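To keep things clear, I will list the structure first and then write my remarks on it.
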Amino acid sequence: MTTGKQPGADVHVFQEHSDCPYFKDSRISSIEYLIPNEEEAENFHVYLSHGYRRLGRIFYRNVCDNCEECRPLRIQADSFKLGRSQMRTMRKNEDVRVEISDTSSLTTEKIMLYHKYVNAKHAEDKKEELGDSVNILMAIHHGYDRIIEMEYFLEDDLIGVGIVDQGRDSLSSNYFYYDTDYLDRRLGIFSILQEIELARKLEKKYYYLGFYIEDNPKMSYKKYFRPNQILKKGEWREFLS
């Protein structure tokens, strides 16, 4: 791990190196973490444009040597067009109610929903402990003043929770977890469509969808939200794929 202080007087930056979670070929993942001061936090939209995301109070981005497979992807909200498959997903979820709040809260119901989701979808090697789920959710739901929470209900049952980070000219999709009993509804796709629509209603220019990885099915689906741009060598470029 390396540490330093930049770009501002009170902004701490450090890097962490570990085995890449996306490729099992001995690649080393290097992540840059930035702990912003209040002024820098107000400029989150600028950091988004440079490939950062948020976890808790920390902004982070990939800075791997000799690998650029993880590419930030964004959509210009007012240019987005629904594809046929996305239209079907919208119709399939017409009975889902979405409640939007500019405050984020953590409840036992949400903790259990996330714990079920992460162990069904992402625990390839071992199950995540409940305490670890709580710690991760605390970092997702808190740490930033402009979090938007989107709750998805089927009748009275909570079936999904989306956390969106708001910047001055943009929204950033932070995390979405859902009830895996409803896989056939494609709730992950549905949540992205709802977040893009929210970006349009709030008159945001950009919607950031996190990292795109061509050779990873869990990350490559993002290319189907079009038209889109990817960040490559420090510049945003038109990208459809």
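Naming works like this for the structure tokens: A, B, ... for the chains as they're shown, residue 1 at the start of each chain, ligands 1 onward in shown order.
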Using only C-alpha atoms, what table do you get, as a tab-separated table, when you list each residue of stretch 105-184 of chain A with an atom no more than 12 Å from stretch 67-75 of chain A, its nearest pair of atoms, and their distance in Å rounded to one decimal, rows by chain then rising number?
residue	atom	partner	partner_atom	distance
A:Ser170	CA	A:Arg74	CA	9.7
A:Leu171	CA	A:Arg74	CA	9.7
A:Ser172	CA	A:Arg74	CA	8.8
A:Ser173	CA	A:Arg74	CA	10.0
For the alpha helix (DSSP H) assignment from backbone DSSP, which residues of stretch 1-230 of chain A qualify? Please present them as a PDB file with C-alpha atoms, in the first residue's frame.
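Result written to out-v3.pdb:
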ATOM      1  CA  GLU A  38     -15.799  19.008   2.177  1.00  0.00           C
ATOM      2  CA  GLU A  39     -14.829  21.067  -0.855  1.00  0.00           C
ATOM      3  CA  GLU A  40     -13.755  18.025  -2.831  1.00  0.00           C
ATOM      4  CA  ALA A  41     -16.949  16.180  -1.906  1.00  0.00           C
ATOM      5  CA  GLU A  42     -18.915  19.071  -3.407  1.00  0.00           C
ATOM      6  CA  PHE A  44     -17.972  14.754  -6.854  1.00  0.00           C
ATOM      7  CA  HIS A  45     -19.202  15.283 -10.420  1.00  0.00           C
ATOM      8  CA  VAL A  46     -15.635  16.172 -11.427  1.00  0.00           C
ATOM      9  CA  TYR A  47     -14.287  13.000  -9.842  1.00  0.00           C
ATOM     10  CA  LEU A  48     -16.961  10.957 -11.604  1.00  0.00           C
ATOM     11  CA  SER A  49     -15.731  12.372 -14.907  1.00  0.00           C
ATOM     12  CA  ARG A  84     -36.533  -3.913 -27.392  1.00  0.00           C
ATOM     13  CA  SER A  85     -35.347  -6.156 -24.573  1.00  0.00           C
ATOM     14  CA  GLN A  86     -35.400  -3.206 -22.170  1.00  0.00           C
ATOM     15  CA  MET A  87     -38.949  -2.370 -23.245  1.00  0.00           C
ATOM     16  CA  ARG A  88     -39.979  -5.941 -22.374  1.00  0.00           C
ATOM     17  CA  THR A  89     -38.358  -5.582 -18.962  1.00  0.00           C
ATOM     18  CA  MET A  90     -40.307  -2.371 -18.347  1.00  0.00           C
ATOM     19  CA  ARG A  91     -43.589  -4.065 -19.267  1.00  0.00           C
ATOM     20  CA  LYS A  92     -42.793  -7.071 -17.083  1.00  0.00           C
ATOM     21  CA  THR A 108     -33.157  -5.105   9.327  1.00  0.00           C
ATOM     22  CA  GLU A 109     -35.316  -5.836   6.281  1.00  0.00           C
ATOM     23  CA  LYS A 110     -32.747  -4.272   3.951  1.00  0.00           C
ATOM     24  CA  ILE A 111     -29.862  -6.045   5.659  1.00  0.00           C
ATOM     25  CA  MET A 112     -31.516  -9.438   5.236  1.00  0.00           C
ATOM     26  CA  LEU A 113     -32.444  -8.640   1.627  1.00  0.00           C
ATOM     27  CA  TYR A 114     -28.827  -7.708   0.810  1.00  0.00           C
ATOM     28  CA  HIS A 115     -27.440 -10.709   2.693  1.00  0.00           C
ATOM     29  CA  LYS A 116     -29.661 -13.062   0.704  1.00  0.00           C
ATOM     30  CA  TYR A 117     -28.766 -11.308  -2.553  1.00  0.00           C
ATOM     31  CA  VAL A 118     -24.995 -11.239  -2.120  1.00  0.00           C
ATOM     32  CA  ASN A 119     -24.806 -14.889  -1.103  1.00  0.00           C
ATOM     33  CA  ALA A 120     -26.985 -15.947  -4.015  1.00  0.00           C
ATOM     34  CA  LYS A 121     -25.267 -13.834  -6.671  1.00  0.00           C
ATOM     35  CA  LEU A 130     -23.975 -11.298   8.237  1.00  0.00           C
ATOM     36  CA  GLY A 131     -21.657  -8.882  10.049  1.00  0.00           C
ATOM     37  CA  ASP A 132     -19.726  -8.283   6.821  1.00  0.00           C
ATOM     38  CA  SER A 133     -22.990  -7.554   5.022  1.00  0.00           C
ATOM     39  CA  VAL A 134     -23.870  -4.923   7.619  1.00  0.00           C
ATOM     40  CA  ASN A 135     -20.468  -3.247   7.295  1.00  0.00           C
ATOM     41  CA  ILE A 136     -20.682  -3.112   3.515  1.00  0.00           C
ATOM     42  CA  LEU A 137     -24.225  -1.749   3.588  1.00  0.00           C
ATOM     43  CA  MET A 138     -23.168   0.978   6.027  1.00  0.00           C
ATOM     44  CA  ALA A 139     -20.602   2.136   3.465  1.00  0.00           C
ATOM     45  CA  ILE A 140     -23.101   1.972   0.596  1.00  0.00           C
ATOM     46  CA  HIS A 141     -25.990   3.695   2.379  1.00  0.00           C
ATOM     47  CA  LEU A 187     -34.690  -6.289 -11.687  1.00  0.00           C
ATOM     48  CA  GLY A 188     -31.082  -5.192 -12.159  1.00  0.00           C
ATOM     49  CA  ILE A 189     -31.890  -4.009 -15.686  1.00  0.00           C
ATOM     50  CA  PHE A 190     -35.157  -2.485 -14.494  1.00  0.00           C
ATOM     51  CA  SER A 191     -33.358  -0.501 -11.775  1.00  0.00           C
ATOM     52  CA  ILE A 192     -30.914   0.994 -14.286  1.00  0.00           C
ATOM     53  CA  LEU A 193     -33.806   2.102 -16.473  1.00  0.00           C
ATOM     54  CA  GLN A 194     -35.464   3.717 -13.447  1.00  0.00           C
ATOM     55  CA  GLU A 195     -32.236   5.499 -12.518  1.00  0.00           C
ATOM     56  CA  ILE A 196     -31.746   6.823 -16.047  1.00  0.00           C
ATOM     57  CA  GLU A 197     -35.305   8.148 -15.971  1.00  0.00           C
ATOM     58  CA  LEU A 198     -34.584   9.814 -12.631  1.00  0.00           C
ATOM     59  CA  ALA A 199     -31.481  11.452 -14.130  1.00  0.00           C
ATOM     60  CA  ARG A 200     -33.657  12.848 -16.899  1.00  0.00           C
ATOM     61  CA  LYS A 201     -36.270  14.152 -14.475  1.00  0.00           C
ATOM     62  CA  PRO A 217     -20.587 -11.206 -18.270  1.00  0.00           C
ATOM     63  CA  LYS A 218     -21.423  -9.560 -14.929  1.00  0.00           C
ATOM     64  CA  MET A 219     -20.003  -6.279 -16.241  1.00  0.00           C
ATOM     65  CA  SER A 220     -20.297  -6.437 -20.043  1.00  0.00           C
TER      66      SER A 220
END
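Distances here use only C-alpha atoms; by that measure, the residue among A:Ile28, A:Leu34, A:Ile163, A:Leu183 closest to A:Glu99 is A:Ile163.
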Fill in: Distance of atom CA of A:Asn43 from atom CA of A:Phe14, expressed in Å to one decimal place
19.2 Å
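Residue nearest A:Ile35 within the list A:His17, A:His50, A:Lys81, A:His12: A:His12 [criterion: smallest interatomic distance, only C-alpha atoms].
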Discussion item. Can you tell me which residues surround A:Tyr152 at a distance of at most 10 Å, considering only C-alpha atoms, apart from same-chain residues fewer than 4 positions away, and format the answer as a PyMOL selection string?
Written reply: chain A and resi 96-100+156-162+178+187+191
Discussion item. Using DSSP assignments from the backbone, pull out every residue in stretch 38-116 of chain A that falls under strand (DSSP E) and give it to me as a list in words.
Written reply: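 Filtering stretch 38-116 of chain A down to strand (DSSP E) leaves Arg53, Arg54, Leu55, Ile58, Phe59, Tyr60, Arg61, Asn62, Arg71, Pro72, Leu73, Arg74, Ile75, Gln76, Val96, Arg97, Val98, Glu99, Ile100 and Ser101 of chain A.
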Would you export the selected residues with N, CA and C atoms as a short mmCIF file (atom, residue, chain, number, x, y, z; two decimals), in the first residue's frame, please?
data_model
loop_
_atom_site.label_atom_id
_atom_site.label_comp_id
_atom_site.auth_asym_id
_atom_site.auth_seq_id
_atom_site.Cartn_x
_atom_site.Cartn_y
_atom_site.Cartn_z
N ARG A 53 -15.55 6.33 -8.23
CA ARG A 53 -16.82 5.95 -7.66
C ARG A 53 -16.75 6.18 -6.17
N ARG A 54 -17.84 5.87 -5.44
CA ARG A 54 -17.86 6.15 -4.00
C ARG A 54 -18.16 4.90 -3.19
N LEU A 55 -17.48 4.77 -2.06
CA LEU A 55 -17.81 3.77 -1.05
C LEU A 55 -17.62 4.43 0.31
N ILE A 58 -15.24 7.51 0.94
CA ILE A 58 -14.07 7.40 0.07
C ILE A 58 -14.47 7.37 -1.40
N PHE A 59 -13.70 8.08 -2.23
CA PHE A 59 -13.79 7.95 -3.68
C PHE A 59 -12.69 7.00 -4.12
N TYR A 60 -12.95 6.19 -5.15
CA TYR A 60 -11.94 5.25 -5.60
C TYR A 60 -12.02 5.05 -7.11
N ARG A 61 -10.88 4.63 -7.69
CA ARG A 61 -10.85 4.28 -9.11
C ARG A 61 -9.73 3.27 -9.35
N ASN A 62 -9.82 2.54 -10.46
CA ASN A 62 -8.78 1.57 -10.83
C ASN A 62 -7.61 2.29 -11.49
N ARG A 71 -13.31 -0.25 -17.60
CA ARG A 71 -13.48 1.08 -18.18
C ARG A 71 -14.76 1.73 -17.66
N PRO A 72 -14.68 2.90 -17.06
CA PRO A 72 -15.90 3.59 -16.65
C PRO A 72 -16.81 3.85 -17.85
N LEU A 73 -18.10 3.66 -17.64
CA LEU A 73 -19.08 3.85 -18.71
C LEU A 73 -20.16 4.81 -18.23
N ARG A 74 -20.57 5.71 -19.12
CA ARG A 74 -21.64 6.65 -18.78
C ARG A 74 -22.58 6.83 -19.96
N ILE A 75 -23.76 7.33 -19.65
CA ILE A 75 -24.80 7.57 -20.64
C ILE A 75 -25.21 9.03 -20.56
N GLN A 76 -25.37 9.66 -21.70
CA GLN A 76 -25.92 11.01 -21.72
C GLN A 76 -27.44 10.87 -21.60
N VAL A 96 -44.50 -3.04 -10.34
CA VAL A 96 -43.53 -2.71 -9.30
C VAL A 96 -43.63 -1.22 -8.98
N ARG A 97 -43.75 -0.92 -7.70
CA ARG A 97 -43.82 0.47 -7.23
C ARG A 97 -42.43 0.92 -6.78
N VAL A 98 -42.01 2.11 -7.24
CA VAL A 98 -40.71 2.65 -6.87
C VAL A 98 -40.89 3.89 -6.02
N GLU A 99 -40.32 3.86 -4.83
CA GLU A 99 -40.36 5.00 -3.93
C GLU A 99 -38.97 5.61 -3.83
N ILE A 100 -38.88 6.93 -4.01
CA ILE A 100 -37.61 7.63 -4.09
C ILE A 100 -37.47 8.59 -2.92
N SER A 101 -36.31 8.57 -2.27
CA SER A 101 -36.07 9.43 -1.11
C SER A 101 -34.67 10.03 -1.20
#
